[in-house]
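Below is the file my_file.cif, which contains mmCIF, C-alpha atoms.
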```
data_run
loop_
_atom_site.label_atom_id
_atom_site.label_comp_id
_atom_site.auth_asym_id
_atom_site.auth_seq_id
_atom_site.Cartn_x
_atom_site.Cartn_y
_atom_site.Cartn_z
CA MET A 1 0.00 0.00 0.00
CA PHE A 2 1.07 3.62 0.34
CA THR A 3 2.91 5.38 3.13
CA PRO A 4 3.22 9.00 4.23
CA GLU A 5 6.91 8.77 3.31
CA MET A 6 5.97 7.77 -0.23
CA LEU A 7 3.56 10.72 -0.49
CA ALA A 8 6.27 13.09 0.78
CA GLU A 9 8.27 12.28 -2.39
CA PHE A 10 5.60 13.91 -4.59
CA ASP A 11 6.25 17.59 -5.36
CA LEU A 12 2.61 18.23 -4.49
CA PHE A 13 3.32 17.30 -0.87
CA LYS A 14 6.84 18.71 -0.34
CA GLY A 15 7.07 20.32 3.08
CA VAL A 16 3.67 19.05 4.24
CA PRO A 17 3.78 17.88 7.87
CA LYS A 18 3.77 14.14 8.53
CA ASP A 19 0.49 14.25 10.49
CA VAL A 20 -1.24 15.74 7.45
CA LEU A 21 0.40 13.18 5.16
CA ASN A 22 -0.87 10.45 7.49
CA GLU A 23 -4.42 11.72 7.02
CA ILE A 24 -4.01 12.02 3.25
CA ASN A 25 -2.54 8.53 3.14
CA GLY A 26 -5.68 7.26 4.86
CA VAL A 27 -7.88 8.27 1.91
CA CYS A 28 -5.54 7.10 -0.90
CA LYS A 29 -6.90 4.44 -3.23
CA PRO A 30 -4.77 2.36 -5.61
CA VAL A 31 -5.82 2.47 -9.26
CA LYS A 32 -4.53 0.44 -12.19
CA VAL A 33 -5.49 1.36 -15.73
CA GLU A 34 -4.47 -0.76 -18.70
CA LYS A 35 -2.97 0.58 -21.91
CA ASP A 36 -5.52 2.06 -24.36
CA ASN A 37 -8.02 2.85 -21.59
CA PHE A 38 -8.93 6.14 -19.96
CA VAL A 39 -8.33 7.23 -16.38
CA PHE A 40 -11.03 9.86 -16.95
CA ARG A 41 -12.67 11.61 -19.89
CA GLU A 42 -13.03 15.26 -20.74
CA GLY A 43 -16.33 16.63 -19.44
CA ASP A 44 -16.85 13.90 -16.83
CA LYS A 45 -17.62 14.92 -13.25
CA ALA A 46 -14.24 15.33 -11.56
CA ASP A 47 -14.27 13.67 -8.14
CA LYS A 48 -10.66 12.52 -7.77
CA LEU A 49 -7.14 13.86 -7.96
CA TYR A 50 -4.57 11.37 -9.29
CA LEU A 51 -0.88 10.82 -8.60
CA LEU A 52 1.18 8.81 -11.08
CA ILE A 53 3.25 5.94 -9.72
CA SER A 54 4.16 4.39 -13.08
CA GLY A 55 3.07 4.44 -16.71
CA SER A 56 2.48 7.01 -19.41
CA ILE A 57 -0.70 9.04 -19.79
CA ALA A 58 -1.58 11.43 -22.60
CA LEU A 59 -3.82 14.35 -21.71
CA ARG A 60 -6.06 14.97 -24.71
CA VAL A 61 -8.64 17.62 -25.51
CA ASN A 62 -11.42 17.44 -28.06
CA LEU A 63 -11.61 20.11 -30.73
CA THR A 64 -14.98 21.18 -32.06
CA SER A 65 -13.37 21.91 -35.43
CA ARG A 66 -11.86 18.43 -35.86
CA PRO A 67 -12.98 14.88 -35.20
CA ASP A 68 -9.70 13.91 -33.50
CA SER A 69 -8.49 14.92 -30.09
CA VAL A 70 -5.18 16.73 -29.56
CA THR A 71 -2.60 15.60 -27.02
CA VAL A 72 -1.71 18.65 -24.96
CA SER A 73 0.56 17.06 -22.37
CA PHE A 74 2.14 13.79 -21.28
CA ILE A 75 2.22 12.55 -17.71
CA ASN A 76 4.99 9.96 -17.82
CA THR A 77 7.29 10.73 -14.92
CA PRO A 78 6.51 9.08 -11.59
CA ARG A 79 5.10 11.40 -8.92
CA GLN A 80 3.34 13.73 -11.36
CA THR A 81 -0.19 14.91 -10.62
CA LEU A 82 -3.21 14.81 -12.91
CA GLY A 83 -6.92 15.43 -12.62
CA TRP A 84 -6.61 18.79 -10.87
CA SER A 85 -10.23 19.46 -11.84
CA GLY A 86 -11.16 17.16 -8.98
CA VAL A 87 -10.22 19.87 -6.49
CA VAL A 88 -11.17 22.97 -8.49
CA ALA A 89 -14.73 24.08 -9.26
CA PRO A 90 -16.74 23.44 -11.39
CA ASN A 91 -15.27 19.93 -10.98
CA HIS A 92 -15.40 18.64 -14.55
CA TYR A 93 -12.29 17.20 -16.19
CA THR A 94 -10.94 19.59 -18.82
CA ALA A 95 -9.09 16.86 -20.75
CA SER A 96 -9.17 13.10 -21.18
CA ALA A 97 -6.40 11.03 -19.58
CA TYR A 98 -5.52 8.23 -22.03
CA CYS A 99 -3.08 5.50 -21.01
CA GLU A 100 -0.30 5.13 -23.56
CA GLU A 101 0.93 2.20 -21.44
CA ASP A 102 -0.30 0.41 -18.33
CA ALA A 103 -0.47 2.86 -15.44
CA GLU A 104 -0.49 2.65 -11.66
CA LEU A 105 -1.89 5.64 -9.82
CA ILE A 106 -3.02 6.84 -6.45
CA ALA A 107 -6.54 8.28 -6.43
CA LEU A 108 -7.45 10.88 -3.84
CA PRO A 109 -11.23 11.25 -3.50
CA SER A 110 -11.85 14.99 -3.76
CA THR A 111 -14.30 15.44 -0.89
CA GLU A 112 -12.15 13.61 1.66
CA PHE A 113 -8.97 15.26 0.40
CA LEU A 114 -10.45 18.77 0.55
CA ASP A 115 -11.82 18.07 4.04
CA ILE A 116 -8.26 17.29 5.18
CA LEU A 117 -6.99 20.52 3.62
CA ASP A 118 -9.76 22.46 5.39
CA ARG A 119 -8.66 21.02 8.73
CA HIS A 120 -5.03 21.95 8.00
CA PRO A 121 -5.17 25.35 6.27
CA GLU A 122 -1.42 25.97 6.24
CA ALA A 123 -0.71 22.65 4.49
CA GLY A 124 -3.82 23.16 2.35
CA TYR A 125 -2.48 26.51 1.19
CA LYS A 126 0.86 24.96 0.16
CA ILE A 127 -0.85 22.14 -1.71
CA MET A 128 -3.35 24.39 -3.49
CA LEU A 129 -0.53 26.73 -4.47
CA ARG A 130 1.17 23.78 -6.15
CA ILE A 131 -2.13 22.88 -7.85
CA THR A 132 -2.22 26.39 -9.34
CA GLN A 133 1.29 25.83 -10.70
CA ILE A 134 0.12 22.59 -12.31
CA ILE A 135 -2.86 24.39 -13.87
CA SER A 136 -0.59 27.14 -15.19
CA ASN A 137 1.80 24.60 -16.76
CA ARG A 138 -1.05 22.64 -18.35
CA LEU A 139 -2.60 25.81 -19.72
CA ARG A 140 0.72 26.81 -21.28
CA ASN A 141 1.19 23.31 -22.75
CA SER A 142 -2.39 23.28 -24.07
CA ARG A 143 -1.98 26.66 -25.72
CA GLN A 144 1.24 25.57 -27.44
CA ALA A 145 -0.26 22.27 -28.60
CA LEU A 146 -3.41 23.93 -29.91
CA LEU A 147 -1.46 26.62 -31.77
CA LYS A 148 0.40 23.85 -33.62
CA THR A 149 -2.93 22.56 -34.98
CA LEU A 150 -3.76 25.87 -36.70
#
```
Turn the structure described in the file into structure tokens.
Amino acid sequence: MFTPEMLAEFDLFKGVPKDVLNEINGVCKPVKVEKDNFVFREGDKADKLYLLISGSIALRVNLTSRPDSVTVSFINTPRQTLGWSGVVAPNHYTASAYCEEDAELIALPSTEFLDILDRHPEAGYKIMLRITQIISNRLRNSRQALLKTL
């Protein structure tokens, strides 16, 4: 299973106190997704945040002007985070997460995770600040990928 020490290795949780990591660890769920399947799809209700343990996942967005989706980012380095929409309103995934190879992930149910952050506002602030950095990076990657399709 997972440990607080394992979670501490994720950039998302750097500097988060061990007692908070213990609580987060208590809500972690293991997820395995086989190659050519989706972790989640664009537009679905977002109720989990995911942490990559192993595998390669392409984040794809649908274009109204084309039948195919466009890959805007790859999550293929262990300890990366995906599915930030699970902790940011309006809680709908903004891309599809397609497994390029078998993937092992940790799923954090949004409600339980956010409850922990509410109880520990200082740690919650650090974590949500990192989430905003993830969003900023994904937005930049999406913009660059979409400009290439024009």
Convert the output of the PyMOL selection byres ((chain A and resi 50-67) around 6) on the shown file into explicit residues, formatted as a list in words.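 Applied to this file, the PyMOL selection byres ((chain A and resi 50-67) around 6) selects Leu49, Asp68, Ser69, Val70, Thr71, Val72, Ser73, Phe74, Ile75, Asn76, Pro78, Arg79, Gln80, Thr81, Leu82, Gly83, Ala95, Ser96, Ala97, Tyr98, Cys99, Glu100, Glu101, Asp102, Ala103, Glu104, Leu105, Ile106 and Ala107 of chain A.
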Given the selection you just returned, output its residues as a file containing C-alpha atoms, formatted as a PDB file, in the frame of the given file.
```pdb
ATOM      1  CA  LEU A  49      -7.140  13.860  -7.960  1.00  0.00           C
ATOM      2  CA  ASP A  68      -9.700  13.910 -33.500  1.00  0.00           C
ATOM      3  CA  SER A  69      -8.490  14.920 -30.090  1.00  0.00           C
ATOM      4  CA  VAL A  70      -5.180  16.730 -29.560  1.00  0.00           C
ATOM      5  CA  THR A  71      -2.600  15.600 -27.020  1.00  0.00           C
ATOM      6  CA  VAL A  72      -1.710  18.650 -24.960  1.00  0.00           C
ATOM      7  CA  SER A  73       0.560  17.060 -22.370  1.00  0.00           C
ATOM      8  CA  PHE A  74       2.140  13.790 -21.280  1.00  0.00           C
ATOM      9  CA  ILE A  75       2.220  12.550 -17.710  1.00  0.00           C
ATOM     10  CA  ASN A  76       4.990   9.960 -17.820  1.00  0.00           C
ATOM     11  CA  PRO A  78       6.510   9.080 -11.590  1.00  0.00           C
ATOM     12  CA  ARG A  79       5.100  11.400  -8.920  1.00  0.00           C
ATOM     13  CA  GLN A  80       3.340  13.730 -11.360  1.00  0.00           C
ATOM     14  CA  THR A  81      -0.190  14.910 -10.620  1.00  0.00           C
ATOM     15  CA  LEU A  82      -3.210  14.810 -12.910  1.00  0.00           C
ATOM     16  CA  GLY A  83      -6.920  15.430 -12.620  1.00  0.00           C
ATOM     17  CA  ALA A  95      -9.090  16.860 -20.750  1.00  0.00           C
ATOM     18  CA  SER A  96      -9.170  13.100 -21.180  1.00  0.00           C
ATOM     19  CA  ALA A  97      -6.400  11.030 -19.580  1.00  0.00           C
ATOM     20  CA  TYR A  98      -5.520   8.230 -22.030  1.00  0.00           C
ATOM     21  CA  CYS A  99      -3.080   5.500 -21.010  1.00  0.00           C
ATOM     22  CA  GLU A 100      -0.300   5.130 -23.560  1.00  0.00           C
ATOM     23  CA  GLU A 101       0.930   2.200 -21.440  1.00  0.00           C
ATOM     24  CA  ASP A 102      -0.300   0.410 -18.330  1.00  0.00           C
ATOM     25  CA  ALA A 103      -0.470   2.860 -15.440  1.00  0.00           C
ATOM     26  CA  GLU A 104      -0.490   2.650 -11.660  1.00  0.00           C
ATOM     27  CA  LEU A 105      -1.890   5.640  -9.820  1.00  0.00           C
ATOM     28  CA  ILE A 106      -3.020   6.840  -6.450  1.00  0.00           C
ATOM     29  CA  ALA A 107      -6.540   8.280  -6.430  1.00  0.00           C
TER      30      ALA A 107
END
```
Find the spatial neighbours of segment 115-123 of chain A, counting all atoms listed in the file, within a cut-off of 9 Å - ignore same-chain residues fewer than 3 positions away - and output them as a list in words.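 Skipping anything fewer than 3 positions along the chain leaves Phe13, Gly15, Val16, Pro17, Val20, Glu23, Ile24, Ser110, Thr111, Glu112, Lys126, Ile127 and Met128 of chain A.
With only C-alpha atoms as the atoms that count, the residue of A:Leu108, A:Val39, A:Leu7, A:Ile131 with the shortest distance to Trp84 of chain A is A:Ile131.
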Between atom CA of Asp47 of chain A and atom CA of Pro109 of chain A, measure the distance and give it in Å to one decimal.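 Result for atom CA of Asp47 of chain A versus atom CA of Pro109 of chain A: 6.1 Å, one decimal.
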Counting all atoms listed in the file, which of A:Leu129, A:Ile134, A:Cys28, A:Leu139 gets nearest to Phe113 of chain A? A:Cys28
Counting only C-alpha atoms, the residue of A:Asn137, A:Gly124, A:Lys148, A:His92 that sits nearest Gly43 of chain A: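 Nearest candidate to Gly43 of chain A out of A:Asn137, A:Gly124, A:Lys148, A:His92: A:His92.
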Coordinates of segment 79-113 of chain A, N, CA, C and O atoms, as a short mmCIF file (atom, residue, chain, number, x, y, z; two decimals), in the first residue's frame:
```cif
data_model
loop_
_atom_site.label_atom_id
_atom_site.label_comp_id
_atom_site.auth_asym_id
_atom_site.auth_seq_id
_atom_site.Cartn_x
_atom_site.Cartn_y
_atom_site.Cartn_z
N ARG A 79 5.37 10.35 -9.91
CA ARG A 79 5.10 11.40 -8.92
C ARG A 79 4.51 12.67 -9.53
O ARG A 79 4.43 13.69 -8.87
N GLN A 80 4.07 12.60 -10.79
CA GLN A 80 3.34 13.73 -11.36
C GLN A 80 1.88 13.65 -10.94
O GLN A 80 1.37 12.59 -10.58
N THR A 81 1.20 14.79 -11.02
CA THR A 81 -0.19 14.91 -10.62
C THR A 81 -1.06 15.15 -11.84
O THR A 81 -0.67 15.86 -12.76
N LEU A 82 -2.25 14.55 -11.86
CA LEU A 82 -3.21 14.81 -12.91
C LEU A 82 -4.62 14.79 -12.33
O LEU A 82 -4.85 14.28 -11.23
N GLY A 83 -5.54 15.38 -13.09
CA GLY A 83 -6.92 15.43 -12.62
C GLY A 83 -7.17 16.55 -11.63
O GLY A 83 -8.02 16.43 -10.76
N TRP A 84 -6.45 17.67 -11.79
CA TRP A 84 -6.61 18.79 -10.87
C TRP A 84 -8.05 19.29 -10.80
O TRP A 84 -8.46 19.89 -9.80
N SER A 85 -8.83 19.03 -11.83
CA SER A 85 -10.23 19.46 -11.84
C SER A 85 -11.02 18.85 -10.69
O SER A 85 -12.08 19.37 -10.33
N GLY A 86 -10.49 17.78 -10.11
CA GLY A 86 -11.16 17.16 -8.98
C GLY A 86 -11.17 18.03 -7.74
O GLY A 86 -11.99 17.83 -6.85
N VAL A 87 -10.28 19.00 -7.68
CA VAL A 87 -10.22 19.87 -6.49
C VAL A 87 -10.46 21.34 -6.83
O VAL A 87 -10.26 22.21 -5.99
N VAL A 88 -10.90 21.61 -8.06
CA VAL A 88 -11.17 22.97 -8.49
C VAL A 88 -12.55 23.01 -9.16
O VAL A 88 -12.81 22.27 -10.11
N ALA A 89 -13.40 23.92 -8.66
CA ALA A 89 -14.73 24.08 -9.26
C ALA A 89 -14.59 24.54 -10.71
O ALA A 89 -13.63 25.24 -11.03
N PRO A 90 -15.46 24.11 -11.60
CA PRO A 90 -16.74 23.44 -11.39
C PRO A 90 -16.65 21.92 -11.36
O PRO A 90 -17.66 21.23 -11.49
N ASN A 91 -15.47 21.37 -11.17
CA ASN A 91 -15.27 19.93 -10.98
C ASN A 91 -15.73 19.08 -12.15
O ASN A 91 -16.46 18.10 -11.99
N HIS A 92 -15.25 19.47 -13.34
CA HIS A 92 -15.40 18.64 -14.55
C HIS A 92 -14.02 18.57 -15.19
O HIS A 92 -13.35 19.60 -15.32
N TYR A 93 -13.62 17.35 -15.58
CA TYR A 93 -12.29 17.20 -16.19
C TYR A 93 -12.22 17.99 -17.48
O TYR A 93 -13.11 17.93 -18.32
N THR A 94 -11.12 18.73 -17.66
CA THR A 94 -10.94 19.59 -18.82
C THR A 94 -10.20 18.89 -19.96
O THR A 94 -10.01 19.48 -21.02
N ALA A 95 -9.78 17.67 -19.74
CA ALA A 95 -9.09 16.86 -20.75
C ALA A 95 -9.38 15.40 -20.44
O ALA A 95 -9.87 15.07 -19.36
N SER A 96 -9.09 14.55 -21.40
CA SER A 96 -9.17 13.10 -21.18
C SER A 96 -7.77 12.59 -20.86
O SER A 96 -6.79 13.08 -21.43
N ALA A 97 -7.69 11.62 -19.96
CA ALA A 97 -6.40 11.03 -19.58
C ALA A 97 -6.35 9.62 -20.17
O ALA A 97 -6.99 8.70 -19.66
N TYR A 98 -5.60 9.47 -21.26
CA TYR A 98 -5.52 8.23 -22.03
C TYR A 98 -4.20 7.53 -21.73
O TYR A 98 -3.12 8.13 -21.85
N CYS A 99 -4.28 6.26 -21.36
CA CYS A 99 -3.08 5.50 -21.01
C CYS A 99 -2.35 5.04 -22.27
O CYS A 99 -2.88 4.21 -23.02
N GLU A 100 -1.16 5.55 -22.46
CA GLU A 100 -0.30 5.13 -23.56
C GLU A 100 0.36 3.79 -23.22
O GLU A 100 0.80 3.07 -24.11
N GLU A 101 0.45 3.49 -21.93
CA GLU A 101 0.93 2.20 -21.44
C GLU A 101 0.23 1.94 -20.10
O GLU A 101 -0.39 2.86 -19.55
N ASP A 102 0.32 0.72 -19.61
CA ASP A 102 -0.30 0.41 -18.33
C ASP A 102 0.15 1.44 -17.29
O ASP A 102 1.32 1.83 -17.26
N ALA A 103 -0.79 1.83 -16.43
CA ALA A 103 -0.47 2.86 -15.44
C ALA A 103 -0.94 2.44 -14.05
O ALA A 103 -1.99 1.81 -13.90
N GLU A 104 -0.12 2.79 -13.07
CA GLU A 104 -0.49 2.65 -11.66
C GLU A 104 -0.57 4.05 -11.08
O GLU A 104 0.33 4.86 -11.28
N LEU A 105 -1.67 4.30 -10.37
CA LEU A 105 -1.89 5.64 -9.82
C LEU A 105 -2.42 5.54 -8.40
O LEU A 105 -2.88 4.49 -7.97
N ILE A 106 -2.35 6.66 -7.73
CA ILE A 106 -3.02 6.84 -6.45
C ILE A 106 -4.19 7.78 -6.73
O ILE A 106 -4.00 8.84 -7.35
N ALA A 107 -5.38 7.41 -6.31
CA ALA A 107 -6.54 8.28 -6.43
C ALA A 107 -6.86 8.88 -5.07
O ALA A 107 -6.90 8.16 -4.07
N LEU A 108 -7.05 10.17 -5.06
CA LEU A 108 -7.45 10.88 -3.84
C LEU A 108 -8.88 11.37 -4.06
O LEU A 108 -9.11 12.28 -4.87
N PRO A 109 -9.86 10.78 -3.37
CA PRO A 109 -11.23 11.25 -3.50
C PRO A 109 -11.32 12.72 -3.09
O PRO A 109 -10.87 13.10 -2.00
N SER A 110 -11.87 13.54 -3.94
CA SER A 110 -11.85 14.99 -3.76
C SER A 110 -12.45 15.45 -2.44
O SER A 110 -11.85 16.28 -1.75
N THR A 111 -13.62 14.96 -2.10
CA THR A 111 -14.30 15.44 -0.89
C THR A 111 -13.46 15.17 0.34
O THR A 111 -13.24 16.09 1.16
N GLU A 112 -12.96 13.95 0.49
CA GLU A 112 -12.15 13.61 1.66
C GLU A 112 -10.84 14.40 1.68
O GLU A 112 -10.40 14.89 2.72
N PHE A 113 -10.23 14.54 0.50
CA PHE A 113 -8.97 15.26 0.40
C PHE A 113 -9.16 16.73 0.79
O PHE A 113 -8.40 17.29 1.59
#
```
